[in-house]
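K.L.:
Starting off with a structure, shown below.
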Amino acid sequence: MLLEQEFAALKLELSVKAKNGLDFIVAASLVWAAIAFLWTLPGSPAHKGFITFFVGSATLPLAWLFSKLLRTTWTLPHNPLQPLGLWLNFAQLFYFPFLIFVYSRYPQHFIMTYGIITGAHFFPYAWFYNARPFALMAGLIPVGCLLLGLRTSATDLYLIPMFIVGMLLVLAGLLWVSYRRNQQAYQRVAAELSHASVAA
């Protein structure tokens, strides 16, 4: 029972100290807003897709900036689960060969595919941060991108990144609510563990 409480405390600590990764979600919202603007400009889908790769690389430095503003913690050396977050983030890179294939053969479907990968990679974070909104958006974003991609003309592809921005903003709000709930649970579990260690 104590081991189960300790494991729950480790997960809750990740959620509370990292604030459910809100710094990354806010950064991604800005990046996808820039991508949406890019796709409103004249030019071929191939040209816009090429630039999108570079715009997307701004996510990490922006997340670092927002981590300072939101006072989130990126590293918790004493928490053995913490390195898993980095591995989960890198996992989406293994989808990039498929993204490059779509870009080279079907550039009009590039932004849809990029959006699907972005949304789908959120799923394991529902477990990692003990935050169900990640699982919800891991389903809604890919399905929404697919439906828009199937119904949108080449001139209106900017609607896909705009949709993603909206979903990310909703996700940020839901994650804040989840963070506050987990914060209370973390304080309760930490108090119980402290009491158990004193009793032992």
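Here's how to read the names in the structure tokens: chain A, B, ... by the order shown, residue numbers from 1 in each chain, ligand numbers from 1 in the order shown.
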Skipping near chain neighbours, those fewer than 2 positions away, what residues fall within 10 Å of stretch 61-67 of chain A using only C-alpha atoms, listed as a ChimeraX atom specification?
P.N.:
/A:18-19,21-28,30-31,57-59,69-74
K.L.:
Using the chain letters and numbers from this document, which residues of chain A does DSSP assign to alpha helix (DSSP H), as a PyMOL selection string?
P.N.:
chain A and resi 2-17+22-38+45-56+59-70+82-91+96-105+110-120+125-128+132-151+159-199
K.L.:
Show which residues sit within 12 Å of A:Pro80, as number ranges by chain. Count only C-alpha atoms, and ignore same-chain residues fewer than 4 positions away.
P.N.:
A: 6-7, 9-11, 13-14, 75-76, 84-85
K.L.:
Nearest residue to A:Ala46 out of A:Val170, A:Val189, A:Ile100, A:Val177, using only C-alpha atoms?
P.N.:
A:Ile100
K.L.:
Rounded to one decimal place, report the atom CA of A:Ala36-atom CA of A:Ile160 distance in Å.
P.N.:
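Between these atoms lies a distance of 7.6 Å.
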K.L.:
When distances are computed from only C-alpha atoms, which of A:Tyr186, A:Phe90, A:Phe37, A:Phe98 shows the smallest separation from A:Val55?
P.N.:
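Comparing A:Tyr186, A:Phe90, A:Phe37, A:Phe98 against A:Val55, the winner is A:Phe37.
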K.L.:
From the options A:Gln184, A:Thr113, A:Asn130, A:Thr155, which residue's atoms come nearest to A:Pro142, counting only C-alpha atoms?
P.N.:
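Closest candidate: A:Thr113.
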